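Pasted below: protein.tsv, TSV, C-alpha atoms and all ligand atoms.
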```
chain	number	residue	atom	x	y	z
A	1	MET	CA	4.96	24.24	41.71
A	2	LYS	CA	7.92	25.21	43.93
A	3	SER	CA	7.26	22.38	46.37
A	4	PHE	CA	6.92	19.92	43.45
A	5	ILE	CA	10.36	20.91	42.14
A	6	LYS	CA	11.74	20.63	45.66
A	7	LYS	CA	10.33	17.10	45.96
A	8	ILE	CA	11.79	16.07	42.61
A	9	ARG	CA	15.19	17.36	43.77
A	10	LEU	CA	14.95	15.41	47.03
A	11	TYR	CA	14.03	12.13	45.34
A	12	GLY	CA	16.70	12.85	42.73
A	13	ARG	CA	19.25	12.49	45.51
A	14	LEU	CA	17.93	9.03	46.36
A	15	ILE	CA	17.98	8.00	42.72
A	16	SER	CA	21.56	9.20	42.29
A	17	ALA	CA	22.53	7.25	45.44
A	18	LEU	CA	20.90	4.14	43.97
A	19	ASN	CA	22.76	4.72	40.72
A	20	GLY	CA	25.99	4.88	42.74
A	21	PHE	CA	25.19	1.70	44.71
A	22	LEU	CA	24.44	-0.15	41.48
A	23	TYR	CA	27.69	1.09	39.93
A	24	ASP	CA	29.61	-0.06	43.02
A	25	PHE	CA	27.87	-3.42	42.86
A	26	TYR	CA	28.72	-3.76	39.16
A	27	ARG	CA	32.39	-2.95	39.87
A	28	PHE	CA	32.36	-5.48	42.74
A	29	TYR	CA	30.94	-8.08	40.33
A	30	LEU	CA	33.54	-7.28	37.64
A	31	PHE	CA	36.70	-6.78	39.66
A	32	SER	CA	36.51	-8.22	43.16
A	33	ALA	CA	37.70	-11.71	44.01
A	34	TRP	CA	34.30	-13.31	44.67
A	35	ARG	CA	35.22	-16.05	42.17
A	36	SER	CA	38.46	-16.79	44.11
A	37	ASP	CA	40.45	-17.22	40.91
A	38	MET	CA	43.79	-18.56	42.12
A	39	LYS	CA	45.23	-18.32	38.61
A	40	ASP	CA	45.06	-14.55	38.93
A	41	ALA	CA	48.34	-13.74	40.72
A	42	GLU	CA	46.97	-10.66	42.49
A	43	GLN	CA	43.84	-12.38	43.77
A	44	ARG	CA	45.98	-15.31	44.91
A	45	ASN	CA	48.43	-13.05	46.78
A	46	TYR	CA	45.64	-11.21	48.56
A	47	ASN	CA	44.13	-14.57	49.44
A	48	ALA	CA	47.50	-15.83	50.68
A	49	VAL	CA	47.94	-12.96	53.12
A	50	LYS	CA	44.41	-13.36	54.37
A	51	ILE	CA	45.16	-16.96	55.30
A	52	TYR	CA	48.76	-16.74	56.49
A	53	HIS	CA	47.71	-13.84	58.69
A	54	THR	CA	45.40	-16.20	60.63
A	55	LEU	CA	48.47	-18.36	61.29
A	56	GLU	CA	50.46	-15.29	62.34
A	57	LYS	CA	47.68	-14.39	64.76
A	58	SER	CA	47.59	-17.89	66.15
A	59	MET	CA	51.40	-17.85	66.56
A	60	SER	CA	51.28	-14.53	68.40
A	61	LEU	CA	48.77	-15.62	71.06
A	62	LYS	CA	50.07	-16.40	74.54
A	63	ASN	CA	47.76	-19.34	75.09
A	64	ARG	CA	47.83	-21.22	71.83
A	65	ARG	CA	46.03	-24.53	71.43
A	66	LEU	CA	48.59	-26.93	70.03
A	67	GLY	CA	47.38	-28.09	66.64
A	68	ALA	CA	45.14	-25.07	66.05
A	69	GLY	CA	45.28	-23.71	62.51
A	70	GLN	CA	44.96	-27.02	60.65
A	71	SER	CA	42.41	-25.86	58.08
A	72	SER	CA	44.28	-22.58	57.40
A	73	ALA	CA	47.52	-24.50	56.98
A	74	TYR	CA	45.99	-26.83	54.40
A	75	ILE	CA	44.27	-24.03	52.49
A	76	LEU	CA	47.57	-22.16	52.44
A	77	LEU	CA	49.34	-25.22	51.12
A	78	ASP	CA	46.87	-25.31	48.21
A	79	VAL	CA	47.47	-21.62	47.51
A	80	LEU	CA	51.22	-22.28	47.47
A	81	LYS	CA	50.72	-25.09	44.96
A	82	TYR	CA	48.91	-22.66	42.66
A	83	ALA	CA	51.74	-20.16	43.14
A	84	LYS	CA	54.37	-22.76	42.25
A	85	LYS	CA	52.50	-23.74	39.09
A	86	SER	CA	52.07	-20.10	38.07
A	87	ASN	CA	55.75	-19.16	37.64
A	88	ASN	CA	54.69	-15.74	38.87
A	89	ILE	CA	55.55	-15.61	42.56
A	90	GLY	CA	54.43	-12.50	44.43
A	91	PHE	CA	55.38	-10.94	47.76
A	92	HIS	CA	52.57	-12.58	49.71
A	93	ASP	CA	53.22	-15.99	48.09
A	94	LYS	CA	56.75	-15.87	49.52
A	95	ALA	CA	55.60	-14.56	52.88
A	96	ALA	CA	52.97	-17.33	53.01
A	97	LEU	CA	55.59	-20.03	52.46
A	98	SER	CA	57.89	-18.53	55.10
A	99	THR	CA	55.06	-18.21	57.63
A	100	LEU	CA	53.81	-21.74	57.08
A	101	SER	CA	57.37	-23.07	57.36
A	102	ARG	CA	57.81	-21.34	60.69
A	103	PHE	CA	54.39	-22.47	61.84
A	104	VAL	CA	55.20	-26.16	61.39
A	105	GLU	CA	58.43	-25.69	63.40
A	106	LEU	CA	56.74	-24.19	66.47
A	107	ASP	CA	57.72	-25.67	69.83
A	108	GLY	CA	55.91	-28.90	70.50
A	109	ILE	CA	53.92	-28.86	67.26
A	110	ASN	CA	55.90	-31.76	65.80
A	111	LYS	CA	53.82	-34.02	68.03
A	112	VAL	CA	50.74	-33.13	65.99
A	113	GLU	CA	50.08	-35.66	63.23
A	114	TRP	CA	48.95	-33.47	60.35
A	115	VAL	CA	51.89	-31.11	60.81
A	116	GLU	CA	54.35	-33.79	59.71
A	117	GLN	CA	52.52	-34.20	56.40
A	118	ILE	CA	52.57	-30.45	55.73
A	119	ARG	CA	56.25	-30.26	56.66
A	120	LYS	CA	57.04	-32.94	54.07
A	121	GLU	CA	54.99	-31.18	51.39
A	122	LEU	CA	56.78	-27.89	52.06
A	123	LEU	CA	60.06	-29.45	50.90
A	124	ALA	CA	58.77	-29.05	47.33
A	125	PHE	CA	58.80	-25.22	47.56
A	126	ASP	CA	61.80	-22.90	47.36
A	127	PHE	CA	60.53	-19.33	47.10
A	128	PHE	CA	61.03	-18.20	50.70
A	129	SER	CA	60.91	-14.55	51.67
A	130	ASP	CA	64.05	-12.83	53.04
A	131	GLU	CA	62.02	-11.00	55.68
A	132	VAL	CA	60.83	-12.15	59.09
A	133	HIS	CA	57.29	-13.59	59.11
A	134	GLY	CA	55.06	-15.22	61.68
A	135	SER	CA	55.24	-13.58	65.08
A	136	GLN	CA	57.91	-11.73	67.02
A	137	ILE	CA	58.57	-10.14	70.40
A	138	TYR	CA	57.51	-6.51	70.78
A	139	ARG	CA	58.93	-4.86	73.90
A	140	LEU	CA	57.45	-1.97	75.79
A	141	GLU	CA	60.61	0.03	75.05
A	142	ASP	CA	60.03	-0.52	71.27
A	143	PHE	CA	56.43	0.59	71.63
A	144	ARG	CA	57.49	3.72	73.51
A	145	LYS	CA	59.86	4.74	70.73
A	146	GLY	CA	56.77	5.77	68.76
A	147	MET	CA	55.42	8.13	71.39
A	148	LEU	CA	55.48	11.79	70.41
A	149	GLU	CA	56.83	14.23	72.96
A	150	ASN	CA	54.14	16.71	72.04
A	151	PRO	CA	51.27	15.06	70.12
A	152	GLU	CA	49.18	18.25	70.17
A	153	LYS	CA	52.01	20.07	68.35
A	154	PHE	CA	52.04	17.46	65.59
A	155	PHE	CA	48.28	17.02	65.15
A	156	PHE	CA	47.20	20.63	65.57
A	157	SER	CA	49.87	21.98	63.20
A	158	ARG	CA	48.39	20.11	60.21
A	159	HIS	CA	46.03	22.13	58.07
A	160	SER	CA	44.73	21.59	54.57
A	161	LEU	CA	46.68	23.86	52.26
A	162	ARG	CA	45.26	24.70	48.85
A	163	GLU	CA	47.91	27.09	47.59
A	164	PHE	CA	51.52	26.02	47.84
A	165	LYS	CA	55.04	27.22	47.14
A	166	ASN	CA	55.65	27.19	43.37
A	167	GLU	CA	57.96	24.19	43.54
A	168	ILE	CA	57.45	20.52	42.84
A	169	VAL	CA	57.97	18.13	45.75
A	170	PRO	CA	60.68	15.67	44.66
A	171	GLU	CA	59.52	12.15	43.98
A	172	HIS	CA	61.81	10.65	46.64
A	173	VAL	CA	60.02	12.71	49.31
A	174	VAL	CA	56.61	11.58	48.04
A	175	LYS	CA	57.79	7.97	47.96
A	176	ARG	CA	59.11	8.27	51.50
A	177	ALA	CA	55.70	9.44	52.68
A	178	VAL	CA	54.01	6.54	50.92
A	179	SER	CA	56.53	4.10	52.46
A	180	LEU	CA	55.74	5.45	55.92
A	181	ALA	CA	52.02	5.17	55.20
A	182	LEU	CA	52.43	1.53	54.19
A	183	LYS	CA	52.54	0.82	57.93
A	184	THR	CA	48.81	1.61	58.03
A	185	PRO	CA	46.71	-1.27	59.40
A	186	SER	CA	44.43	-2.99	56.90
A	187	VAL	CA	41.94	-5.83	57.02
A	188	CYS	CA	43.88	-9.13	57.38
A	189	ASN	CA	46.94	-7.07	56.43
A	190	ARG	CA	45.81	-7.15	52.79
A	191	GLN	CA	47.21	-3.68	52.02
A	192	ALA	CA	45.04	-3.34	48.96
A	193	TRP	CA	46.37	0.13	48.18
A	194	HIS	CA	47.67	1.75	45.07
A	195	VAL	CA	48.86	5.34	44.70
A	196	TYR	CA	49.10	7.16	41.38
A	197	HIS	CA	51.31	10.24	41.50
A	198	THR	CA	52.18	12.98	39.02
A	199	SER	CA	53.74	16.42	38.88
A	200	ASP	CA	53.15	16.75	35.13
A	201	SER	CA	50.91	19.75	34.36
A	202	ASP	CA	48.98	18.11	31.51
A	203	ILE	CA	48.24	14.97	33.51
A	204	LYS	CA	47.24	17.01	36.56
A	205	TYR	CA	44.86	18.97	34.35
A	206	LEU	CA	43.24	15.77	33.05
A	207	ALA	CA	42.98	14.20	36.50
A	208	LEU	CA	41.42	17.30	38.04
A	209	LYS	CA	39.05	18.01	35.16
A	210	TYR	CA	36.10	16.26	36.81
A	211	GLN	CA	37.11	16.81	40.44
A	212	GLU	CA	34.68	19.32	41.80
A	213	GLY	CA	36.52	20.80	44.78
A	214	ASN	CA	39.64	22.35	43.26
A	215	ARG	CA	38.20	25.49	41.71
A	216	GLY	CA	40.49	28.49	42.14
A	217	PHE	CA	43.64	26.56	43.07
A	218	GLY	CA	43.76	23.25	41.14
A	219	ASP	CA	45.82	24.67	38.26
A	220	ARG	CA	48.65	25.58	40.66
A	221	VAL	CA	48.88	22.34	42.62
A	222	PRO	CA	52.52	21.15	42.34
A	223	ASN	CA	51.97	17.41	42.89
A	224	LEU	CA	48.86	15.30	42.70
A	225	MET	CA	48.08	11.84	44.00
A	226	ILE	CA	45.15	9.60	43.25
A	227	ILE	CA	44.72	7.19	46.14
A	228	THR	CA	43.00	3.94	45.21
A	229	THR	CA	42.27	0.49	46.60
A	230	ASP	CA	42.26	-2.77	44.72
A	231	LEU	CA	38.90	-4.56	44.56
A	232	LYS	CA	40.74	-7.81	43.83
A	233	ALA	CA	41.59	-8.01	47.52
A	234	PHE	CA	37.95	-8.39	48.55
A	235	VAL	CA	36.06	-11.63	48.35
A	236	SER	CA	32.91	-11.69	50.38
A	237	GLY	CA	29.85	-9.48	50.01
A	238	TYR	CA	30.26	-8.57	53.68
A	239	GLU	CA	33.39	-6.72	52.66
A	240	ARG	CA	31.56	-4.43	50.28
A	241	TYR	CA	32.72	-1.26	52.07
A	242	GLN	CA	36.09	-2.52	53.24
A	243	HIS	CA	38.05	-1.02	50.38
A	244	TRP	CA	36.74	2.44	51.23
A	245	ILE	CA	37.64	1.97	54.88
A	246	ASP	CA	41.15	0.67	54.24
A	247	GLY	CA	41.66	3.32	51.58
A	248	GLY	CA	40.56	6.10	53.93
A	249	LEU	CA	42.92	4.94	56.65
A	250	PHE	CA	45.79	4.78	54.16
A	251	ALA	CA	45.01	8.24	52.82
A	252	MET	CA	45.08	9.69	56.34
A	253	SER	CA	48.45	8.06	56.98
A	254	ILE	CA	49.85	9.57	53.79
A	255	ILE	CA	48.62	12.99	54.91
A	256	TYR	CA	50.29	12.65	58.33
A	257	ALA	CA	53.43	11.15	56.78
A	258	LEU	CA	53.68	14.14	54.42
A	259	HIS	CA	53.09	16.48	57.37
A	260	SER	CA	55.89	14.81	59.33
A	261	LEU	CA	58.20	15.53	56.37
A	262	GLY	CA	57.14	19.18	56.12
A	263	VAL	CA	54.92	18.70	53.06
A	264	ALA	CA	51.41	20.14	53.05
A	265	SER	CA	48.37	18.62	51.36
A	266	CYS	CA	44.68	18.94	50.71
A	267	CYS	CA	42.29	16.02	50.21
A	268	LEU	CA	40.20	16.29	47.08
A	269	ASN	CA	37.00	14.28	47.22
A	270	TRP	CA	36.05	11.74	44.62
A	271	SER	CA	32.38	11.52	45.60
A	272	GLN	CA	31.43	11.28	42.00
A	273	THR	CA	28.74	9.99	39.70
A	274	PRO	CA	29.43	6.73	37.87
A	275	ALA	CA	29.58	8.71	34.62
A	276	LYS	CA	32.33	11.00	35.91
A	277	ASP	CA	34.25	8.08	37.42
A	278	LYS	CA	34.23	6.51	33.96
A	279	MET	CA	35.27	9.81	32.36
A	280	LEU	CA	38.26	10.08	34.69
A	281	ARG	CA	39.28	6.54	33.74
A	282	SER	CA	39.00	7.42	30.06
A	283	LEU	CA	41.45	10.31	30.54
A	284	VAL	CA	44.09	8.86	32.87
A	285	ASP	CA	45.37	5.33	33.19
A	286	ILE	CA	43.86	3.95	36.39
A	287	ARG	CA	43.51	0.18	36.42
A	288	PRO	CA	39.83	-0.86	36.25
A	289	ASN	CA	40.03	-2.92	39.47
A	290	HIS	CA	41.34	0.12	41.40
A	291	THR	CA	38.64	2.14	43.15
A	292	VAL	CA	39.36	5.86	43.50
A	293	VAL	CA	39.17	6.76	47.19
A	294	MET	CA	40.26	10.38	46.84
A	295	MET	CA	42.81	12.67	45.27
A	296	LEU	CA	45.43	14.57	47.22
A	297	ALA	CA	46.95	17.92	46.30
A	298	ILE	CA	50.51	18.14	47.60
A	299	GLY	CA	53.13	20.86	47.87
A	300	TRP	CA	55.59	22.68	50.12
A	301	PRO	CA	54.04	25.37	52.28
A	302	ASP	CA	55.01	28.95	51.50
A	303	GLU	CA	56.52	31.35	54.02
A	304	ASN	CA	53.04	32.78	54.69
A	305	ASN	CA	49.89	30.85	53.88
A	306	ASN	CA	46.19	31.47	54.16
A	307	ILE	CA	44.14	28.61	55.53
A	308	CYS	CA	40.53	27.92	56.42
A	309	VAL	CA	39.97	27.85	60.16
A	310	SER	CA	37.85	24.68	59.86
A	311	ALA	CA	36.75	24.74	63.50
A	312	ARG	CA	36.36	21.41	65.27
A	313	ARG	CA	33.26	20.20	67.11
A	314	PRO	CA	33.53	20.03	70.88
A	315	LEU	CA	34.67	16.67	72.22
A	316	ASP	CA	31.41	16.00	74.07
A	317	GLU	CA	29.52	16.05	70.76
A	318	VAL	CA	31.60	13.23	69.35
A	319	TYR	CA	32.39	11.19	72.45
A	320	SER	CA	30.21	9.29	74.90
A	321	SER	CA	30.53	6.23	77.11
A	322	LEU	CA	29.18	3.03	75.64
A	323	ASN	CA	26.37	1.61	77.75
A	324	ALA	CA	24.33	-1.59	77.55
A	325	ARG	CA	20.72	-1.23	76.37
A	326	ARG	CA	19.50	-3.44	79.18
A	327	LYS	CA	20.44	-3.57	82.84
A	328	LEU	CA	23.30	-6.04	83.34
B	401	LIG	C1	37.72	12.95	51.88
B	401	LIG	C2	37.93	14.44	51.86
B	401	LIG	C3	37.62	15.15	50.72
B	401	LIG	C4	37.87	16.51	50.67
B	401	LIG	N1	37.63	17.17	49.50
B	401	LIG	C5	37.98	18.46	49.38
B	401	LIG	C6	37.84	19.11	48.12
B	401	LIG	O1	37.39	18.53	47.14
B	401	LIG	N2	38.25	20.39	48.04
B	401	LIG	C7	38.77	21.05	49.10
B	401	LIG	O2	39.13	22.23	48.94
B	401	LIG	N3	38.91	20.46	50.33
B	401	LIG	C8	38.55	19.16	50.48
B	401	LIG	N4	38.71	18.54	51.69
B	401	LIG	C9	39.36	19.24	52.80
B	401	LIG	C10	38.41	19.59	53.93
B	401	LIG	O3	37.66	20.70	53.59
B	401	LIG	C11	39.25	19.83	55.19
B	401	LIG	O4	39.97	18.67	55.51
B	401	LIG	C12	38.41	20.22	56.39
B	401	LIG	O5	37.81	21.46	56.21
B	401	LIG	C13	39.23	20.27	57.67
B	401	LIG	O6	40.26	21.21	57.55
B	401	LIG	P1	41.78	20.85	57.83
B	401	LIG	O7	42.13	19.70	56.91
B	401	LIG	O8	42.55	22.09	57.51
B	401	LIG	O9	41.92	20.44	59.26
B	401	LIG	C14	38.40	17.19	51.79
B	401	LIG	C15	38.67	16.46	52.96
B	401	LIG	C16	38.44	15.11	53.00
B	401	LIG	C17	38.79	14.34	54.24
```
Starting from the file, lay out its structure as structure tokens.
Amino acid sequence: MKSFIKKIRLYGRLISALNGFLYDFYRFYLFSAWRSDMKDAEQRNYNAVKIYHTLEKSMSLKNRRLGAGQSSAYILLDVLKYAKKSNNIGFHDKAALSTLSRFVELDGINKVEWVEQIRKELLAFDFFSDEVHGSQIYRLEDFRKGMLENPEKFFFSRHSLREFKNEIVPEHVVKRAVSLALKTPSVCNRQAWHVYHTSDSDIKYLALKYQEGNRGFGDRVPNLMIITTDLKAFVSGYERYQHWIDGGLFAMSIIYALHSLGVASCCLNWSQTPAKDKMLRSLVDIRPNHTVVMMLAIGWPDENNNICVSARRPLDEVYSSLNARRKL
């Protein structure tokens, strides 16, 4: 009897995984951009960055083939036409126009036939971005500005804190951390992130109601974030996990950004059943196309804090040289 119950439990795990995969598939079907609907401003903007980024990459290469990028340039032109018709110009629409305009002015490219046609068509658009787009010089001295004098001091002084000083972290500090984290790399620079933040006790209570890792401290968390990614940024089935990856990277950057500003945090998992994900959405206003990556408890550290040791595995367990399977 015991072993039968054990077996049921084991297979139950597989069934709940399948339930989760189906839920993720259903959300991908409902909210991702597989239909490439250019009338949807958000889908169009994500699409624009995906394409203009290929031009940026081409512009940044040392050995460019003159005339490379023709198909991207034409696709981008079409996207810009949709943007113009929409009367709803977004950040990436503007950046796309500025990038394409710089692209057709590259040294020597005027000799390429199709470029002249695109250049003429671009005269019809007037929603340029004020920022620099395309490619730019990045000097070693600029790169070195980012080096930490003592990286061990920075990385090893971060710990998850679950109990904080009884004081709300001001919104400008939280926003500064998010701004720093916006420098996180993302696939084709799509930046499909969205952060929900609150320090309101009632909202925190609702948000944490179905989160299963905050017992014993959740009611005293000063600030709470819900970190999400936008499914509208993802088109192909190959990208089915990309929003989790980009969201995870972004979350880590927020954590380090907060740490650099003296603010402590603790990740709160959202490894939840479809039912609980829906329940959360029925309690707090998270847009349906936003996938919850995790929550983050935030607060100032107290004078003295208790933390888990959370020992790390030895390096040789997580690192090895990559070798070929066959003799080369
Ligand atoms: C995605 C994610 C989800 C987590 N969820 C929880 C959680 O629900 N509750 C909790 O107390 N800690 C949670 N943690 C914190 C981990 O327990 C903690 O990061 C780990 O023990 C390492 O400790 P450190 O962050 O102090 O280095 C989570 C961490 C991650 C990365």
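Every protein, DNA or RNA residue with an atom at most 8 Å from region 207-224 of chain A, where all atoms listed in the file count and chain neighbours fewer than 6 positions away do not, is listed here: Arg162, Glu163, Phe164, Asn166, Glu167, Ile168, Val169, His197, Thr198, Ser199, Asp200, Leu268, Asn269, Trp270, Lys276, Met279, Leu280, Leu283, Val284, Met295, Leu296, Ala297, Ile298 and Gly299 of chain A.
Proximity of A:Tyr196, A:Trp300, A:Tyr241, A:Phe128 to Ile227 (chain A), computed with only C-alpha atoms, is greatest for A:Tyr196.
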| query | So which one's closest to ligand LIG 401 (chain B), A:Asn323, A:Arg176, A:Glu239, A:Ser160? Using all atoms listed in the file, please. | reply | A:Ser160
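Between CA of Lys84 (chain A) and CA of Leu97 (chain A) the interatomic distance comes to 10.6 Å.
Take CA of Glu303 (chain A) and atom C6 of ligand LIG 401 (chain B): the distance between them is 23.1 Å.
The interatomic distance for the pair CA of Ser60 (chain A) and CA of Ser135 (chain A) works out to 5.3 Å.
Each of A:Ser265, A:Ser3, A:Thr273, A:Asn289 was compared to Arg158 (chain A) using all atoms listed in the file, and A:Ser265 turns out to be the nearest.
Closest approach to Phe125 (chain A) among A:Asp277, A:Glu56, A:Asp93, A:Asp285 is made by A:Asp93 (distances from all atoms listed in the file).
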For Ser98 (chain A), please output as an mmCIF file with C-alpha atoms, keeping the file's coordinate frame all residues within 12 Å (counting all atoms listed in the file; exclusion window: fewer than 2 positions along the same chain).
```cif
data_model
loop_
_atom_site.group_PDB
_atom_site.id
_atom_site.type_symbol
_atom_site.label_atom_id
_atom_site.label_comp_id
_atom_site.auth_asym_id
_atom_site.auth_seq_id
_atom_site.Cartn_x
_atom_site.Cartn_y
_atom_site.Cartn_z
ATOM 1 C CA ALA A 48 47.500 -15.830 50.680
ATOM 2 C CA VAL A 49 47.940 -12.960 53.120
ATOM 3 C CA TYR A 52 48.760 -16.740 56.490
ATOM 4 C CA HIS A 53 47.710 -13.840 58.690
ATOM 5 C CA LEU A 55 48.470 -18.360 61.290
ATOM 6 C CA GLU A 56 50.460 -15.290 62.340
ATOM 7 C CA LEU A 76 47.570 -22.160 52.440
ATOM 8 C CA LEU A 77 49.340 -25.220 51.120
ATOM 9 C CA LEU A 80 51.220 -22.280 47.470
ATOM 10 C CA PHE A 91 55.380 -10.940 47.760
ATOM 11 C CA HIS A 92 52.570 -12.580 49.710
ATOM 12 C CA ASP A 93 53.220 -15.990 48.090
ATOM 13 C CA LYS A 94 56.750 -15.870 49.520
ATOM 14 C CA ALA A 95 55.600 -14.560 52.880
ATOM 15 C CA ALA A 96 52.970 -17.330 53.010
ATOM 16 C CA LEU A 100 53.810 -21.740 57.080
ATOM 17 C CA SER A 101 57.370 -23.070 57.360
ATOM 18 C CA ARG A 102 57.810 -21.340 60.690
ATOM 19 C CA PHE A 103 54.390 -22.470 61.840
ATOM 20 C CA VAL A 104 55.200 -26.160 61.390
ATOM 21 C CA GLU A 105 58.430 -25.690 63.400
ATOM 22 C CA ARG A 119 56.250 -30.260 56.660
ATOM 23 C CA LEU A 122 56.780 -27.890 52.060
ATOM 24 C CA LEU A 123 60.060 -29.450 50.900
ATOM 25 C CA PHE A 125 58.800 -25.220 47.560
ATOM 26 C CA ASP A 126 61.800 -22.900 47.360
ATOM 27 C CA PHE A 127 60.530 -19.330 47.100
ATOM 28 C CA PHE A 128 61.030 -18.200 50.700
ATOM 29 C CA SER A 129 60.910 -14.550 51.670
ATOM 30 C CA ASP A 130 64.050 -12.830 53.040
ATOM 31 C CA GLU A 131 62.020 -11.000 55.680
ATOM 32 C CA VAL A 132 60.830 -12.150 59.090
ATOM 33 C CA HIS A 133 57.290 -13.590 59.110
ATOM 34 C CA GLY A 134 55.060 -15.220 61.680
ATOM 35 C CA SER A 135 55.240 -13.580 65.080
#
```
| task | Using only C-alpha atoms, give me every residue within 6 Å of (41.3, -13.3, 59.3) in file coordinates, as JSON, numbers by chain. | result | {"A": [50, 54, 188]}
How big is the axis-aligned box, and where does its centre sit, when it encloses all atoms of region 77-92 of chain A listed in the file and has 6 Å added on every side, reported in Å to one decimal as AutoDock Vina command-line options?
```
--center_x 51.3 --center_y -18.1 --center_z 44.4 --size_x 20.9 --size_y 26.4 --size_z 25.5
```
| Neighbours of Lys175 (chain A) within 12 Å (all atoms listed in the file; same-chain residues fewer than 4 positions away dropped), as a PyMOL selection string? | chain A and resi 169-171+179-182+195-198+225+254+257-258+261
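Closest approach to ligand LIG 401 (chain B) among A:Pro301, A:Pro274, A:Pro288, A:Gly248: A:Gly248, based on only C-alpha atoms and all ligand atoms.
Minimum atom-to-atom distance to ligand LIG 401 (chain B), evaluated using only C-alpha atoms and all ligand atoms, belongs to A:Phe156 out of A:Tyr238, A:Tyr46, A:Phe250, A:Phe156.
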| task | Find the spatial neighbours of Ala233 (chain A), counting only C-alpha atoms, within a cut-off of 9 Å - ignore same-chain residues fewer than 4 positions away - and output them as a ChimeraX atom specification. | result | /A:32-33,42-47,190-192,229,243
